[in-house]
Each structure stands twice: as C-alpha cells, then as structure tokens.
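Student: Questions regarding the structure given below will be posed in turn.
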Amino acid sequence: MDSASVEQELAEPYLRAVLDTAGLAVEYVRAEGNTLHRRDEDGGLLPVVDFAGGYGSVLLGHNRPEIVRCAQELLAADTPVHAQFSRHPYANRLAGELNRIIRRELDTTEPYFAIFANTGAEAVEAAIKHAEMDRGMRLAVVLDEVAAHVEQTREALAAGTATLDHATFARPGLTAPAPGEDGFEALSAQIRARMEEHRAAPPLFLALEGGFHGKLGASVQLTHNHGYRLPFKGLGAQARFVPRDQPEALKAIHAEERRILLDTVVVNGRVEIVEREVPVFCAFLLEPIQGEGGIHVLSAEFAAEIQRFCAEIDCPVVIDEIQSGMGRTGALLASSHLGLRGDYYTLAKTLGGGIAKSSVMLVRQARYRQEFEIVHSSTFAKDSFSCHIALKVLELLEEDGGRAYHQAVERGDALRTMLESVRADFPDVVKEVRGKGLMLGMEFHDRSASPSPVIKSAADSGLFGYFLAGHLLHRHHVRTFPTASAVNTLRFEPSLLVTDAEIAQLERGLRDVCGILQEHAGDRLCPA
Ligand code: PMP
C-alpha cells in the first residue's frame, strides 16, 4: 500500500466534512457505561457523557460487563457462529423469550413467529416483504373466487337457468356489448381485464407523516423525510403518508385508493354484478414514539383509530419498535402502553446489546405465512453469537422483577424533570419537551430571524441542532444529536445507567445553549 492511499480518505469523507462543520467529527477511543472517551490535545482520555446512546442501541450501557463476558465466553468456547441451514435452538429460545414477554405485555396467547435479520431497516424490509407475500396470497384467493363465479355463470347461461340482460351493463366501468357481440363474452372479458390489472398493480403502504423506518430500498419508501426518500422513489412500492392525529384522513385515503373488482352472481335466474374489495393496502407502518421525526408520542386515541381502521379494511399493522422498544420506555414494547396490538413488530438496536448487530421481525400467527421462510434469508441472520447476546439482553431486562424497566422509567423521569425545568426557564427558546422513559426530545424554536449572524446562519443551514450538539460536546463534554428528520429537536436517549451528576452536566450545557440563543450571543457559540 503506498502512502497516498493511506492518506486519502475514502470512507465517506463528505459526511465527515459535514460533521466537521459542526465540530462533531471527533474520534472516540473507549466506551463504558454511559461514557465515551476521546483524546484531548495532550493525548489523554477525555470523557464525554453519551446522551445519544448509540442512536438507541446501548440502553444497557456501552460494553456492559455481563454482555461483554457473554461475548467472550461464546468466542472462547469456539461457538459455531455461522452454521446456516441447521437447527438453531438458541434462535428458538430467543423467539420464545420474546413471546413470553409479549404475552405478558399484551395479555394475549397468540404466538408471534420470528424472522431474524441484522439491522433495523432489514427487519422492516422483511416485514414489508412478508406483508406483500400475504397480500398476494389473499389477492389470489379473491381472483380465483371471481374466476370460479364467472365460470359458474357461464354454465348457468349455457344451461338456460340464468339470463343476462342489458341492464346489467348499466353501471360505471362497464361497457355494453357491441351490436352482434355475445353479452356474456363482453362481460367476462371486461371482468378478466380488471382482474389482470389488479394482479399487476403494486401494493400501497400507509405510514405516518414524520415516520422513519429505515433507508433501504423498500423501507426508505416509508420514511417520510423527502431528502432520504425521493431520490429512491423508483425503487419500491409507494406509501401514502397520514397526518398525525387526523383520523378523518384515513377514510379519505381509503376512499381515494381502494380498488374494486367486479364479480358475477346469479340471483333469481338473473346475472348480477357485485363488487369485491381488492386487498390493496399492504401494511400500515407506525412508530409508537416517532424517533427520527422529532420524538413524538402517538396518542392512545389515534392509535385506537388506526387499529380500528386497519381491522375494517383488513390491513396489517406493523409496529416499528426499533427505537422505542427493548425496555426504553419501561416495557419491551412501547406500544403496549397505548393498548395497541400489532400484526407485526420490528425490534433491533438494543436487541444486540450494543455489541452484536441483530434485529427481528415478528408476525402474529393469524397472519403468518410459513412459505416466507423458504424465500427470505440472510447469511448473517439468526447466528448463534447475536442470538445469545440478545438472550443475555432480555435476561438483563427481566432480572430482579424487571428492575431495568423500572430504572428506565425512573431515570427517564429524572431526565425529563430537568428538561422541563430548562424549558420553564427559557420558554422563548425551548418550544417543547416530549417523549417517554429514556426516549426524550427537546424542540427549539426556529432561530432563522435571530439578529446574530452566527445563529441565523446555523438556523438557515438545515443543521441547527448539529451546531448546538457541537457546542455541547466541546464546551460541556456531552454528546447528543438532533433527530434525523427534525433538526430543531435534540434527542436524549442515554443508557439506564445515567446518573444524576450526568443529568446535571447536561443541564448546565443546555442552560448555556439556551442563554446564548436567548441573548442572540452567537459569538459565544463554540466555533467548530
Ligand atoms: N426504524 C426506526 C424507528 C428507527 O429509528 C431506525 C433507525 N434510526 C430504523 C428503523 C432503521 O434501523 P437501522 O439504522 O438499524 O437500519
């Protein structure tokens, strides 16, 4: 390797440069508990309190000793990590343990089958694919039934037990036979043409405005953020985005998008046309607490409306708990607080304990299609290493009567109380504090009218929260980030080990930032 290739930066250099504009492209060299360490100018370790929490993946802390030990033991024991297409009792135990907890939280006995994957977006992709396979199979049943009915009608006409009159064609969407054309042939040709149209039509997904479900080819179509989604629009089935807390929008979208198939029946010796609903809506994806959209908690009322609507139109509900789940809000499933019941769930992030890369997609038995297991897989999914780590994570969440869940709630309350006190003291700067448990956000008012050129330009850059994060990092040794699609909101998702002293350190930082914004003192904002 020549020195030029060593020097040249090839691993996403542009992103590094963008982070640099806000002073965030620092290197971390050590991590434990709720702390990351970077090097100071003299080469010593400089601790940084981590409120970004691995974007939600280290609820139990960085390098949690029990998880590290588990990993070390697995490797020391020469555990076969990659043994695809064999029995995976550990994956089965993990699915069983997830089911045991879900049964408790949802008060249900219906099992959920597990498809393992590696990342959050991959679990979402698996859910999308499964839902589309299921929709295709449901559509095939409807189409087969219609084809059979048309055949029965043909036979009844041939046997003289039914008649077809001109009035049958007097409905929108049907064309009467041309003079001399056989009436039934004209009718069945039109029905068949519609069937083929519906067979070929792409599925439609429903998702919430502000929602974030990943950045892969299919999952990005359900991520509301235009910047992430639009360049890849051609890659996948599209979604209709539903505004939050507007149940009437659900009905309007259904009315616009529903598709109808025509079917024939013989009633009192006359051929009649009936309408059949085509399964168009593949799945409704939602986060019980929107993470990247700015930490918005779904209201129980809207959740109930969505549940009712989806039951009515037979559209499966996919609850994306990738960020909100795994104990962060005091339960494995944040949606269980809302009384929401998913046909599918996706979990990731803390499932890997901050060490493994792991995710899972769960499907309730009533919707499950075992055929999916034959057509979907990944080299790396369901491996023994990540399954054992995930089992250890669940053990740590569940031990001592679920102490970790209580800790997430208690620490979340302490953090929230502090954030609220800052908001109360700076109402012109802080718009709102939102969230639940250890998934909290602080939204700042727009500063694009600030008389300070530094603050105005930060606000106009589309990176506002990143500049605040840079200041917090360099002046206060606190790490946080804005949410990906709402950059005026800072996220706080520390591990449940976060201490009162660390919360106080964040408070000093936030009060400093609020003071700077309130006084339009851009010159005090840490230069990147
Ligand atoms: N869904 C949600 C709710 C998420 O928050 C994220 C990641 N922020 C994803 C999906 C995608 O997960 P990953 O980055 O592991 O692909």
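Residue numbering restarts at 1 in every chain; chains get A, B, ... in the order shown in the structure tokens, and ligands count up from 1 in that same order.
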If we count only C-alpha atoms and set the cut-off at 9 Å, which residues sit around Leu285 (chain A), ignoring sequence neighbours fewer than 2 positions away in its own chain? Please answer as a ChimeraX atom specification.

Tutor: /A:205-208,211,213,222,283,287,316-320

Student: Please produce a file of the residues just selected, as an mmCIF file, in the first residue's frame, where the atoms kept are all heavy atoms.

Tutor:
```
data_model
loop_
_atom_site.group_PDB
_atom_site.id
_atom_site.type_symbol
_atom_site.label_atom_id
_atom_site.label_comp_id
_atom_site.auth_asym_id
_atom_site.auth_seq_id
_atom_site.Cartn_x
_atom_site.Cartn_y
_atom_site.Cartn_z
ATOM 1 N N PHE A 205 -48.677 1.170 0.671
ATOM 2 C CA PHE A 205 -48.414 1.167 2.116
ATOM 3 C C PHE A 205 -48.962 2.449 2.733
ATOM 4 O O PHE A 205 -49.060 3.474 2.066
ATOM 5 C CB PHE A 205 -46.911 1.072 2.378
ATOM 6 C CG PHE A 205 -46.347 -0.255 1.992
ATOM 7 C CD1 PHE A 205 -45.865 -0.476 0.711
ATOM 8 C CD2 PHE A 205 -46.348 -1.310 2.887
ATOM 9 C CE1 PHE A 205 -45.374 -1.717 0.337
ATOM 10 C CE2 PHE A 205 -45.862 -2.552 2.527
ATOM 11 C CZ PHE A 205 -45.372 -2.762 1.250
ATOM 12 N N LEU A 206 -49.290 2.345 3.987
ATOM 13 C CA LEU A 206 -49.687 3.531 4.741
ATOM 14 C C LEU A 206 -48.646 3.747 5.837
ATOM 15 O O LEU A 206 -48.160 2.770 6.429
ATOM 16 C CB LEU A 206 -51.076 3.331 5.365
ATOM 17 C CG LEU A 206 -52.207 3.114 4.364
ATOM 18 C CD1 LEU A 206 -53.497 2.732 5.073
ATOM 19 C CD2 LEU A 206 -52.420 4.365 3.513
ATOM 20 N N ALA A 207 -48.290 4.988 6.055
ATOM 21 C CA ALA A 207 -47.319 5.308 7.105
ATOM 22 C C ALA A 207 -47.650 6.704 7.611
ATOM 23 O O ALA A 207 -48.425 7.436 6.983
ATOM 24 C CB ALA A 207 -45.898 5.253 6.548
ATOM 25 N N LEU A 208 -47.063 7.063 8.737
ATOM 26 C CA LEU A 208 -47.396 8.369 9.330
ATOM 27 C C LEU A 208 -46.430 9.448 8.858
ATOM 28 O O LEU A 208 -45.243 9.184 8.637
ATOM 29 C CB LEU A 208 -47.337 8.284 10.857
ATOM 30 C CG LEU A 208 -48.402 7.403 11.520
ATOM 31 C CD1 LEU A 208 -48.259 7.453 13.036
ATOM 32 C CD2 LEU A 208 -49.802 7.854 11.109
ATOM 33 N N GLY A 211 -42.753 9.777 10.052
ATOM 34 C CA GLY A 211 -42.262 8.438 10.385
ATOM 35 C C GLY A 211 -40.897 8.153 9.776
ATOM 36 O O GLY A 211 -40.519 8.729 8.748
ATOM 37 N N HIS A 213 -38.504 4.648 8.976
ATOM 38 C CA HIS A 213 -38.476 3.187 9.057
ATOM 39 C C HIS A 213 -37.237 2.593 8.418
ATOM 40 O O HIS A 213 -37.198 1.384 8.167
ATOM 41 C CB HIS A 213 -39.748 2.607 8.430
ATOM 42 C CG HIS A 213 -40.988 3.070 9.131
ATOM 43 N ND1 HIS A 213 -41.342 2.618 10.388
ATOM 44 C CD2 HIS A 213 -41.926 3.991 8.800
ATOM 45 C CE1 HIS A 213 -42.457 3.219 10.779
ATOM 46 N NE2 HIS A 213 -42.830 4.065 9.835
ATOM 47 N N LEU A 222 -41.065 4.280 3.037
ATOM 48 C CA LEU A 222 -41.994 4.514 4.155
ATOM 49 C C LEU A 222 -41.440 5.541 5.132
ATOM 50 O O LEU A 222 -42.058 5.849 6.145
ATOM 51 C CB LEU A 222 -42.246 3.197 4.893
ATOM 52 C CG LEU A 222 -42.727 2.086 3.971
ATOM 53 C CD1 LEU A 222 -42.605 0.747 4.635
ATOM 54 C CD2 LEU A 222 -44.151 2.346 3.556
ATOM 55 N N ALA A 283 -49.781 -2.800 4.198
ATOM 56 C CA ALA A 283 -49.486 -2.694 5.629
ATOM 57 C C ALA A 283 -49.509 -1.235 6.045
ATOM 58 O O ALA A 283 -49.279 -0.343 5.225
ATOM 59 C CB ALA A 283 -48.109 -3.286 5.937
ATOM 60 N N GLU A 287 -44.535 4.087 14.219
ATOM 61 C CA GLU A 287 -43.724 4.023 15.434
ATOM 62 C C GLU A 287 -44.604 4.512 16.589
ATOM 63 O O GLU A 287 -45.220 5.572 16.456
ATOM 64 C CB GLU A 287 -42.530 4.966 15.351
ATOM 65 C CG GLU A 287 -41.546 4.691 14.245
ATOM 66 C CD GLU A 287 -40.797 5.968 13.878
ATOM 67 O OE1 GLU A 287 -39.770 6.254 14.521
ATOM 68 O OE2 GLU A 287 -41.247 6.683 12.967
ATOM 69 N N PRO A 316 -52.784 -5.205 7.691
ATOM 70 C CA PRO A 316 -51.960 -5.492 8.869
ATOM 71 C C PRO A 316 -51.250 -4.246 9.409
ATOM 72 O O PRO A 316 -50.820 -3.390 8.636
ATOM 73 C CB PRO A 316 -50.950 -6.530 8.377
ATOM 74 C CG PRO A 316 -50.996 -6.489 6.898
ATOM 75 C CD PRO A 316 -52.320 -5.913 6.487
ATOM 76 N N VAL A 317 -51.126 -4.189 10.736
ATOM 77 C CA VAL A 317 -50.425 -3.077 11.385
ATOM 78 C C VAL A 317 -49.010 -3.539 11.734
ATOM 79 O O VAL A 317 -48.836 -4.537 12.438
ATOM 80 C CB VAL A 317 -51.157 -2.648 12.676
ATOM 81 C CG1 VAL A 317 -50.410 -1.504 13.369
ATOM 82 C CG2 VAL A 317 -52.594 -2.241 12.378
ATOM 83 N N VAL A 318 -48.024 -2.819 11.208
ATOM 84 C CA VAL A 318 -46.618 -3.121 11.524
ATOM 85 C C VAL A 318 -46.143 -2.073 12.515
ATOM 86 O O VAL A 318 -46.072 -0.890 12.177
ATOM 87 C CB VAL A 318 -45.736 -3.076 10.260
ATOM 88 C CG1 VAL A 318 -44.279 -3.372 10.619
ATOM 89 C CG2 VAL A 318 -46.239 -4.048 9.207
ATOM 90 N N ILE A 319 -45.837 -2.507 13.729
ATOM 91 C CA ILE A 319 -45.395 -1.552 14.743
ATOM 92 C C ILE A 319 -43.866 -1.589 14.800
ATOM 93 O O ILE A 319 -43.273 -2.609 15.151
ATOM 94 C CB ILE A 319 -46.022 -1.866 16.113
ATOM 95 C CG1 ILE A 319 -47.544 -1.872 15.967
ATOM 96 C CG2 ILE A 319 -45.567 -0.836 17.142
ATOM 97 C CD1 ILE A 319 -48.296 -2.046 17.264
ATOM 98 N N ASP A 320 -43.287 -0.484 14.406
ATOM 99 C CA ASP A 320 -41.831 -0.383 14.357
ATOM 100 C C ASP A 320 -41.344 0.089 15.728
ATOM 101 O O ASP A 320 -41.466 1.253 16.087
ATOM 102 C CB ASP A 320 -41.440 0.610 13.250
ATOM 103 C CG ASP A 320 -39.926 0.720 13.075
ATOM 104 O OD1 ASP A 320 -39.191 0.308 13.982
ATOM 105 O OD2 ASP A 320 -39.501 1.234 12.016
#
```

Student: Show me which residues sit within 7 Å of ligand 1 when counting only C-alpha atoms and all ligand atoms, and put them as a ChimeraX atom specification.

Tutor: /A:55,119-122,124,212-215,287,290-292,320-323,348-349

Student: Given the choices A:Arg38, A:Thr350, A:Ala126, A:Leu157, which gets closest to Ala25 (chain A) if the distance is worked out from only C-alpha atoms?

Tutor: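 Smallest separation from Ala25 (chain A) among the options: A:Arg38.
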
Student: Within region 374-515 of chain A, find each residue whose DSSP state, derived from the backbone, is alpha helix (DSSP H), and express the selection as number ranges by chain.

Tutor: A: 374-375, 384-425, 453-460, 464-476, 500-515

Student: Please list as a count of residues only every residue within 8 Å of Gly236 (chain A), counting only C-alpha atoms and excluding residues in the same chain fewer than 2 positions away.

Tutor: 7

Student: Give me, as JSON lines, the closest atom pair and its distance (Å, one decimal) for every residue of region 356-430 of chain A within a cut-off of 7 Å of region 75-99 of chain A, counting only C-alpha atoms, rows sorted by chain and rising number.

Tutor:
```
{"residue": "A:Lys382", "atom": "CA", "partner": "A:Ala91", "partner_atom": "CA", "distance": 6.1}
{"residue": "A:Asp383", "atom": "CA", "partner": "A:Val81", "partner_atom": "CA", "distance": 5.6}
{"residue": "A:Ser384", "atom": "CA", "partner": "A:Val81", "partner_atom": "CA", "distance": 5.1}
{"residue": "A:Phe385", "atom": "CA", "partner": "A:Val81", "partner_atom": "CA", "distance": 5.7}
{"residue": "A:Cys387", "atom": "CA", "partner": "A:Ala91", "partner_atom": "CA", "distance": 5.7}
{"residue": "A:His388", "atom": "CA", "partner": "A:Tyr90", "partner_atom": "CA", "distance": 6.6}
{"residue": "A:Leu391", "atom": "CA", "partner": "A:Leu94", "partner_atom": "CA", "distance": 5.8}
```

Student: Pick out the residues sitting within 10 Å of Pro203 (chain A), and hand them over as a PDB file with N, CA and C atoms, in the first residue's frame; count only C-alpha atoms, and ignore anything fewer than 6 positions along from it in its own chain.

Tutor:
```
ATOM      1  N   ALA A 131     -45.555  -8.990   4.319  1.00  0.00           N
ATOM      2  CA  ALA A 131     -46.908  -8.436   4.149  1.00  0.00           C
ATOM      3  C   ALA A 131     -47.328  -8.505   2.684  1.00  0.00           C
ATOM      4  N   GLU A 132     -46.375  -8.285   1.782  1.00  0.00           N
ATOM      5  CA  GLU A 132     -46.714  -8.331   0.358  1.00  0.00           C
ATOM      6  C   GLU A 132     -46.965  -9.773  -0.092  1.00  0.00           C
ATOM      7  N   ARG A 135     -50.393 -10.419   1.112  1.00  0.00           N
ATOM      8  CA  ARG A 135     -51.379  -9.708   0.303  1.00  0.00           C
ATOM      9  C   ARG A 135     -51.563 -10.426  -1.032  1.00  0.00           C
ATOM     10  N   GLY A 136     -50.458 -10.847  -1.623  1.00  0.00           N
ATOM     11  CA  GLY A 136     -50.522 -11.560  -2.905  1.00  0.00           C
ATOM     12  C   GLY A 136     -51.345 -12.837  -2.780  1.00  0.00           C
ATOM     13  N   GLY A 236     -39.190   1.319  -5.234  1.00  0.00           N
ATOM     14  CA  GLY A 236     -40.120   0.467  -4.499  1.00  0.00           C
ATOM     15  C   GLY A 236     -41.541   0.970  -4.442  1.00  0.00           C
ATOM     16  N   ALA A 237     -42.384   0.111  -3.886  1.00  0.00           N
ATOM     17  CA  ALA A 237     -43.803   0.432  -3.732  1.00  0.00           C
ATOM     18  C   ALA A 237     -43.963   1.675  -2.872  1.00  0.00           C
ATOM     19  N   GLN A 238     -44.968   2.451  -3.187  1.00  0.00           N
ATOM     20  CA  GLN A 238     -45.119   3.757  -2.555  1.00  0.00           C
ATOM     21  C   GLN A 238     -46.043   3.725  -1.341  1.00  0.00           C
ATOM     22  N   ALA A 239     -45.910   4.775  -0.539  1.00  0.00           N
ATOM     23  CA  ALA A 239     -46.746   4.894   0.651  1.00  0.00           C
ATOM     24  C   ALA A 239     -47.593   6.156   0.550  1.00  0.00           C
ATOM     25  N   PRO A 279     -57.552  -6.519  -2.019  1.00  0.00           N
ATOM     26  CA  PRO A 279     -56.571  -6.150  -0.973  1.00  0.00           C
ATOM     27  C   PRO A 279     -55.444  -5.299  -1.556  1.00  0.00           C
ATOM     28  N   VAL A 280     -55.605  -3.992  -1.424  1.00  0.00           N
ATOM     29  CA  VAL A 280     -54.643  -3.038  -1.984  1.00  0.00           C
ATOM     30  C   VAL A 280     -53.635  -2.611  -0.919  1.00  0.00           C
ATOM     31  N   PHE A 281     -54.165  -2.396   0.296  1.00  0.00           N
ATOM     32  CA  PHE A 281     -53.343  -1.830   1.374  1.00  0.00           C
ATOM     33  C   PHE A 281     -52.508  -2.948   1.990  1.00  0.00           C
ATOM     34  N   CYS A 282     -51.213  -2.868   1.772  1.00  0.00           N
ATOM     35  CA  CYS A 282     -50.321  -3.971   2.148  1.00  0.00           C
ATOM     36  C   CYS A 282     -50.036  -3.962   3.645  1.00  0.00           C
ATOM     37  N   ALA A 283     -49.781  -2.800   4.198  1.00  0.00           N
ATOM     38  CA  ALA A 283     -49.486  -2.694   5.629  1.00  0.00           C
ATOM     39  C   ALA A 283     -49.509  -1.235   6.045  1.00  0.00           C
TER      40      ALA A 283
END
```

Student: Under the rule of at most 8 Å, produce a per-residue listing of region 128-169 of chain A near region 353-373 of chain A: chain, number, name, the closest pair of atoms, and the distance in Å, as JSON lines, using only C-alpha atoms.

Tutor:
```
{"residue": "A:His130", "atom": "CA", "partner": "A:Phe372", "partner_atom": "CA", "distance": 6.4}
{"residue": "A:Met133", "atom": "CA", "partner": "A:Phe372", "partner_atom": "CA", "distance": 7.5}
{"residue": "A:Asp134", "atom": "CA", "partner": "A:Arg369", "partner_atom": "CA", "distance": 6.6}
```

Student: I'd like the neighbourhood of His198 (chain A) as a list in words, where a residue qualifies if any of its atoms comes within 12 Å (using only C-alpha atoms), though same-chain residues fewer than 6 positions away should be ignored.

Tutor: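 Here the answer would be Arg135, Gly136, Leu139, Ala140, Val142, Leu143, Ile191, Arg192, Arg258, Arg259, Ile260, Leu261, Leu262, Arg276, Glu277, Val278, Pro279 and Val280 of chain A.
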
Student: Residues at most 10 Å from Glu502 (chain A), counting only C-alpha atoms, excluding those fewer than 3 positions away in the same chain, as a list in words?

Tutor: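 That gives Asn34, Thr35, Val48, Val49, Asp50, Phe51, Leu415, Val478, Pro494, Leu497, Val498, Thr499, Gln505, Leu506, Glu507 and Arg508 of chain A.
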
Student: Write the residues of the preceding selection, restricted to C-alpha atoms, as a tab-separated table (two decimals), in the first residue's frame.

Tutor:
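Listing of part-v6.tsv after writing:
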```tsv
chain	number	residue	atom	x	y	z
A	34	ASN	CA	-22.78	5.97	29.79
A	35	THR	CA	-19.42	7.39	28.80
A	48	VAL	CA	-17.94	12.54	27.19
A	49	VAL	CA	-21.36	11.77	28.66
A	50	ASP	CA	-23.33	9.95	25.98
A	51	PHE	CA	-26.93	11.10	25.61
A	415	LEU	CA	-34.09	13.49	32.92
A	478	VAL	CA	-21.93	15.96	26.48
A	494	PRO	CA	-28.87	7.72	27.33
A	497	LEU	CA	-27.04	3.90	33.94
A	498	VAL	CA	-27.25	7.69	33.50
A	499	THR	CA	-26.53	9.37	36.84
A	505	GLN	CA	-23.86	18.18	33.44
A	506	LEU	CA	-26.34	18.12	30.55
A	507	GLU	CA	-28.45	20.72	32.33
A	508	ARG	CA	-25.50	23.12	32.58
```

Student: Restricting the calculation to only C-alpha atoms: of A:Val513, A:Ile253, A:Leu298, A:Leu74, which residue gets closest to Val430 (chain A)?

Tutor: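 Comparing A:Val513, A:Ile253, A:Leu298, A:Leu74 against Val430 (chain A), the winner is A:Val513.
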